[in-house]
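Shown below: query-v9.csv, with CSV, C-alpha atoms and all ligand atoms.
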chain,number,residue,atom,x,y,z
A,1,MET,CA,76.3,112.5,102.4
A,2,THR,CA,72.6,112.5,101.5
A,3,GLU,CA,70.9,115.0,99.3
A,4,GLN,CA,69.3,116.6,102.3
A,5,GLU,CA,72.6,116.8,104.2
A,6,PHE,CA,74.2,118.5,101.2
A,7,GLN,CA,71.4,121.0,100.9
A,8,GLU,CA,71.5,121.7,104.7
A,9,GLU,CA,75.2,122.3,104.6
A,10,PHE,CA,75.0,124.8,101.8
A,11,ILE,CA,72.1,126.6,103.5
A,12,SER,CA,74.2,126.8,106.7
A,13,TYR,CA,76.8,128.7,104.7
A,14,GLY,CA,74.2,131.3,103.8
A,15,PHE,CA,73.1,130.0,100.4
A,16,ASP,CA,69.4,130.4,99.6
A,17,ALA,CA,69.2,126.9,98.2
A,18,ALA,CA,71.2,124.0,96.9
A,19,TYR,CA,70.3,121.6,94.1
A,20,VAL,CA,71.5,118.1,93.4
A,21,CYS,CA,70.9,115.8,90.5
A,22,PRO,CA,70.6,112.4,92.1
A,23,HIS,CA,70.4,110.5,88.7
A,24,GLU,CA,72.8,108.7,86.6
A,25,PRO,CA,73.6,110.2,83.1
A,26,GLU,CA,71.8,107.3,81.3
A,27,GLU,CA,68.5,108.0,83.2
A,28,GLY,CA,67.9,110.9,80.9
A,29,CYS,CA,66.6,113.3,83.5
A,30,GLU,CA,66.4,117.0,82.9
A,31,CYS,CA,68.7,118.0,85.8
A,32,HIS,CA,71.9,116.1,84.9
A,33,LYS,CA,74.3,118.7,83.5
A,34,PRO,CA,74.8,119.7,80.7
A,35,ARG,CA,71.0,119.8,80.8
A,36,PRO,CA,69.9,123.0,82.5
A,37,GLY,CA,67.1,121.5,84.7
A,38,MET,CA,68.6,122.6,88.0
A,39,LEU,CA,69.1,126.1,86.8
A,40,GLN,CA,65.5,126.2,85.6
A,41,LYS,CA,64.2,124.9,88.9
A,42,ALA,CA,66.2,127.5,90.8
A,43,ALA,CA,64.8,130.2,88.4
A,44,THR,CA,61.3,129.1,89.0
A,45,GLU,CA,61.6,128.7,92.8
A,46,HIS,CA,63.5,132.0,93.3
A,47,GLU,CA,62.0,134.1,90.5
A,48,LEU,CA,65.4,134.5,88.7
A,49,ASN,CA,66.0,135.8,85.2
A,50,LEU,CA,68.7,133.4,84.2
A,51,ARG,CA,70.0,135.9,81.6
A,52,HIS,CA,71.0,138.0,84.6
A,53,CYS,CA,72.5,135.2,86.5
A,54,ALA,CA,76.1,133.8,86.5
A,55,VAL,CA,77.1,130.2,86.5
A,56,ILE,CA,80.5,129.7,88.1
A,57,GLY,CA,81.9,126.2,87.5
A,58,ASP,CA,85.0,124.2,86.8
A,59,VAL,CA,83.7,121.8,84.1
A,60,GLY,CA,83.2,123.3,80.6
A,61,SER,CA,81.3,120.2,79.2
A,62,THR,CA,78.7,120.4,82.0
A,63,ASP,CA,78.6,123.7,83.8
A,64,MET,CA,79.4,126.0,80.8
A,65,LEU,CA,77.1,124.1,78.5
A,66,ALA,CA,74.2,124.2,81.0
A,67,ALA,CA,74.8,127.9,81.5
A,68,ALA,CA,74.8,128.5,77.7
A,69,ALA,CA,71.6,126.6,77.3
A,70,VAL,CA,69.7,129.2,79.4
A,71,GLY,CA,71.7,132.3,78.4
A,72,SER,CA,73.5,132.8,81.7
A,73,ILE,CA,76.8,134.5,82.2
A,74,ARG,CA,79.5,131.9,82.1
A,75,ILE,CA,82.6,131.9,84.4
A,76,LEU,CA,85.0,129.0,84.4
A,77,VAL,CA,87.3,128.7,87.4
A,78,GLU,CA,90.8,127.2,86.8
A,79,THR,CA,90.6,125.3,90.1
A,80,GLY,CA,89.2,121.8,90.3
A,81,TRP,CA,88.8,120.5,86.7
A,82,GLY,CA,89.0,124.0,85.2
A,83,LYS,CA,92.5,123.8,83.7
A,84,GLN,CA,91.8,120.3,82.2
A,85,SER,CA,88.5,121.6,80.8
A,86,LEU,CA,90.2,124.5,79.1
A,87,GLU,CA,93.0,122.3,77.7
A,88,LYS,CA,92.4,118.6,77.3
A,89,TYR,CA,88.6,118.7,77.0
A,90,ARG,CA,88.2,122.1,75.3
A,91,HIS,CA,86.9,120.5,72.1
A,92,LYS,CA,83.8,119.1,74.0
A,93,TRP,CA,82.4,122.5,74.9
A,94,TYR,CA,84.4,125.6,74.1
A,95,GLU,CA,82.8,126.4,70.7
A,96,GLN,CA,79.3,126.3,72.0
A,97,ALA,CA,79.8,127.8,75.5
A,98,SER,CA,83.1,129.7,75.7
A,99,PRO,CA,83.3,131.4,79.1
A,100,ASP,CA,82.6,135.1,79.5
A,101,TYR,CA,85.5,135.1,82.0
A,102,VAL,CA,88.1,132.6,83.1
A,103,ALA,CA,88.8,133.1,86.8
A,104,LYS,CA,91.8,132.0,88.8
A,105,ASP,CA,89.4,130.8,91.6
A,106,LEU,CA,86.0,131.5,93.1
A,107,LEU,CA,87.1,134.8,94.7
A,108,ASP,CA,88.5,136.0,91.4
A,109,ALA,CA,85.1,135.1,89.8
A,110,VAL,CA,83.2,137.1,92.3
A,111,LYS,CA,85.5,140.1,92.1
A,112,TRP,CA,85.0,140.1,88.3
A,113,LEU,CA,81.3,139.9,88.6
A,114,ILE,CA,81.2,142.8,91.1
A,115,GLY,CA,83.4,144.9,88.8
A,116,ASN,CA,81.4,143.8,85.8
A,117,ASN,CA,78.1,144.9,87.3
A,118,SER,CA,79.1,148.2,88.8
A,201,ZN,ZN,68.9,114.4,87.4

Take the structure in the file and give it back as C-alpha cells.
Ligand SMILES: [Zn+2]
Amino acid sequence: MTEQEFQEEFISYGFDAAYVCPHEPEEGCECHKPRPGMLQKAATEHELNLRHCAVIGDVGSTDMLAAAAVGSIRILVETGWGKQSLEKYRHKWYEQASPDYVAKDLLDAVKWLIGNNS
C-alpha cells in the first residue's frame, strides 16, 4: 500500500487526515515516532492544541513517548502490541510517558475520553 492509498483509505473512513512516516529510523527524520513530527504537522494543518488532543496507541516506546513530547493525553490500548508494551517493554517508556488511561481496546479508549471530557 502506498502512502497515498493509506491516506485515502483513512479519509474514506471519515478521518480528516492521515499521516505516515515513510523513513527508516536511522534517517533521523522528525516524523519517526517517538519523535512527534507527525503530531506537530497535524496540529499545524488542522489548528489543534496538542495539549487538548489524545493520542491512542498500542506502543509505549513510540506512541506514548511522542504524545508525552507534545503534552497530549496518552491512552494505551491493550490490543496490538499494548500488552507487551506494558509488560516486557515497560522499562523503555513508562517512567517518561505513563498513560493517562489503559484501555481494553479502541472503543474503550473513546468511551473513556467522552466520559473524561463531559
Ligand atoms: Zn519520517

Output as a tab-separated table one row per residue of range 71-96 of chain A within 12 Å of range 32-45 of chain A: the closest atom pair and its distance in Å to one decimal place, counting all atoms listed in the file, sorted by chain and residue number ascending.
residue	atom	partner	partner_atom	distance
A:Gly71	CA	A:Pro36	CA	10.3
A:Ser72	CA	A:Leu39	CA	9.5
A:Lys92	CA	A:Pro34	CA	11.2
A:Trp93	CA	A:Pro34	CA	10.0
A:Gln96	CA	A:Pro34	CA	11.8

Taking a cut-off of 8 Å and counting all atoms listed in the file, can you build a table that, for each residue of chain A near ligand ZN 201 (chain A), reports the nearest atom pair and how far apart they are in Å (one decimal), sorted by chain then residue number, as a Markdown table?
| residue | atom | partner | partner_atom | distance |
| --- | --- | --- | --- | --- |
| A:Val20 | CA | A:ZN201 | ZN | 7.5 |
| A:Cys21 | CA | A:ZN201 | ZN | 3.9 |
| A:Pro22 | CA | A:ZN201 | ZN | 5.4 |
| A:His23 | CA | A:ZN201 | ZN | 4.4 |
| A:Glu24 | CA | A:ZN201 | ZN | 7.0 |
| A:Pro25 | CA | A:ZN201 | ZN | 7.6 |
| A:Glu27 | CA | A:ZN201 | ZN | 7.7 |
| A:Gly28 | CA | A:ZN201 | ZN | 7.4 |
| A:Cys29 | CA | A:ZN201 | ZN | 4.7 |
| A:Glu30 | CA | A:ZN201 | ZN | 5.8 |
| A:Cys31 | CA | A:ZN201 | ZN | 3.9 |
| A:His32 | CA | A:ZN201 | ZN | 4.3 |
| A:Lys33 | CA | A:ZN201 | ZN | 7.9 |
| A:Gly37 | CA | A:ZN201 | ZN | 7.8 |

Tell me, as an mmCIF file with C-alpha atoms, keeping the file's coordinate frame, which residues lie within 8 Å of Asp100 in chain A, counting only C-alpha atoms; anything in the same chain fewer than 2 positions away does not count.
data_model
loop_
_atom_site.group_PDB
_atom_site.id
_atom_site.type_symbol
_atom_site.label_atom_id
_atom_site.label_comp_id
_atom_site.auth_asym_id
_atom_site.auth_seq_id
_atom_site.Cartn_x
_atom_site.Cartn_y
_atom_site.Cartn_z
ATOM 1 C CA ILE A 73 76.800 134.500 82.200
ATOM 2 C CA ARG A 74 79.500 131.900 82.100
ATOM 3 C CA ILE A 75 82.600 131.900 84.400
ATOM 4 C CA SER A 98 83.100 129.700 75.700
ATOM 5 C CA VAL A 102 88.100 132.600 83.100
#

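Going from CA of Arg90 in chain A to CA of Leu107 in chain A covers 23.2 Å.
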
**Report entry** Residues near Val77 in chain A, cut-off 10 Å, only C-alpha atoms, skip fewer than 4 positions along chain, as a PyMOL selection string
**Finding:** chain A and resi 56-60+81-83+85-86+99+101-109

Requested in this report: Go through A:Val110, A:Ala17, A:Ala97, A:Glu5 one by one, measure the shortest atom-to-atom distance of each to His46 in chain A using all atoms listed in the file, and give the residue with the smallest value.
Outcome: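 Using all atoms listed in the file, His46 in chain A sits closest to A:Ala17.
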
Requested in this report: May I ask which of the residues A:Val55, A:Leu65, A:Ile11, A:Leu48 is the closest one to Glu95 in chain A, counting all atoms listed in the file?
Outcome: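 Of the candidates, the smallest distance to Glu95 in chain A is held by A:Leu65.
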
Query raised in the report: In Å, how far is it from CA of Glu8 in chain A to CA of Glu47 in chain A?
Result: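 For CA of Glu8 in chain A relative to CA of Glu47 in chain A, the distance reads 21.1 Å.
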
Report task. Go ahead and compute the interatomic distance for CA of Tyr89 in chain A and CA of Ser61 in chain A, in Å to one decimal. Result ->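 Here the two named atoms are 7.8 Å from each other.
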
Since the input lacks atoms, please generate N, CA and C atoms for range 5-19 of chain A and provide them as a PDB file, in the frame of the given file.
ATOM      1  N   GLU A   5      71.417 116.341 103.473  1.00  0.00           N
ATOM      2  CA  GLU A   5      72.600 116.800 104.200  1.00  0.00           C
ATOM      3  C   GLU A   5      73.356 117.857 103.374  1.00  0.00           C
ATOM      4  N   PHE A   6      73.494 117.558 102.092  1.00  0.00           N
ATOM      5  CA  PHE A   6      74.200 118.500 101.200  1.00  0.00           C
ATOM      6  C   PHE A   6      73.476 119.823 101.145  1.00  0.00           C
ATOM      7  N   GLN A   7      72.154 119.769 101.009  1.00  0.00           N
ATOM      8  CA  GLN A   7      71.400 121.000 100.900  1.00  0.00           C
ATOM      9  C   GLN A   7      71.482 121.781 102.266  1.00  0.00           C
ATOM     10  N   GLU A   8      71.381 121.070 103.380  1.00  0.00           N
ATOM     11  CA  GLU A   8      71.500 121.700 104.700  1.00  0.00           C
ATOM     12  C   GLU A   8      72.822 122.381 104.902  1.00  0.00           C
ATOM     13  N   GLU A   9      73.882 121.697 104.440  1.00  0.00           N
ATOM     14  CA  GLU A   9      75.200 122.300 104.600  1.00  0.00           C
ATOM     15  C   GLU A   9      75.348 123.572 103.826  1.00  0.00           C
ATOM     16  N   PHE A  10      74.872 123.590 102.596  1.00  0.00           N
ATOM     17  CA  PHE A  10      75.000 124.800 101.800  1.00  0.00           C
ATOM     18  C   PHE A  10      74.133 125.939 102.400  1.00  0.00           C
ATOM     19  N   ILE A  11      72.959 125.601 102.876  1.00  0.00           N
ATOM     20  CA  ILE A  11      72.100 126.600 103.500  1.00  0.00           C
ATOM     21  C   ILE A  11      72.764 127.167 104.745  1.00  0.00           C
ATOM     22  N   SER A  12      73.482 126.307 105.480  1.00  0.00           N
ATOM     23  CA  SER A  12      74.200 126.800 106.700  1.00  0.00           C
ATOM     24  C   SER A  12      75.294 127.761 106.349  1.00  0.00           C
ATOM     25  N   TYR A  13      75.823 127.724 105.123  1.00  0.00           N
ATOM     26  CA  TYR A  13      76.800 128.700 104.700  1.00  0.00           C
ATOM     27  C   TYR A  13      76.207 130.018 104.266  1.00  0.00           C
ATOM     28  N   GLY A  14      74.885 130.062 104.164  1.00  0.00           N
ATOM     29  CA  GLY A  14      74.200 131.300 103.800  1.00  0.00           C
ATOM     30  C   GLY A  14      73.619 131.272 102.374  1.00  0.00           C
ATOM     31  N   PHE A  15      73.715 130.142 101.679  1.00  0.00           N
ATOM     32  CA  PHE A  15      73.100 130.000 100.400  1.00  0.00           C
ATOM     33  C   PHE A  15      71.558 129.964 100.547  1.00  0.00           C
ATOM     34  N   ASP A  16      70.828 130.497  99.580  1.00  0.00           N
ATOM     35  CA  ASP A  16      69.400 130.400  99.600  1.00  0.00           C
ATOM     36  C   ASP A  16      68.877 129.000  99.359  1.00  0.00           C
ATOM     37  N   ALA A  17      69.613 128.265  98.558  1.00  0.00           N
ATOM     38  CA  ALA A  17      69.200 126.900  98.200  1.00  0.00           C
ATOM     39  C   ALA A  17      70.367 126.168  97.590  1.00  0.00           C
ATOM     40  N   ALA A  18      70.220 124.872  97.520  1.00  0.00           N
ATOM     41  CA  ALA A  18      71.200 124.000  96.900  1.00  0.00           C
ATOM     42  C   ALA A  18      70.458 122.937  96.111  1.00  0.00           C
ATOM     43  N   TYR A  19      70.937 122.591  94.930  1.00  0.00           N
ATOM     44  CA  TYR A  19      70.300 121.600  94.100  1.00  0.00           C
ATOM     45  C   TYR A  19      71.242 120.485  93.746  1.00  0.00           C
TER      46      TYR A  19
END
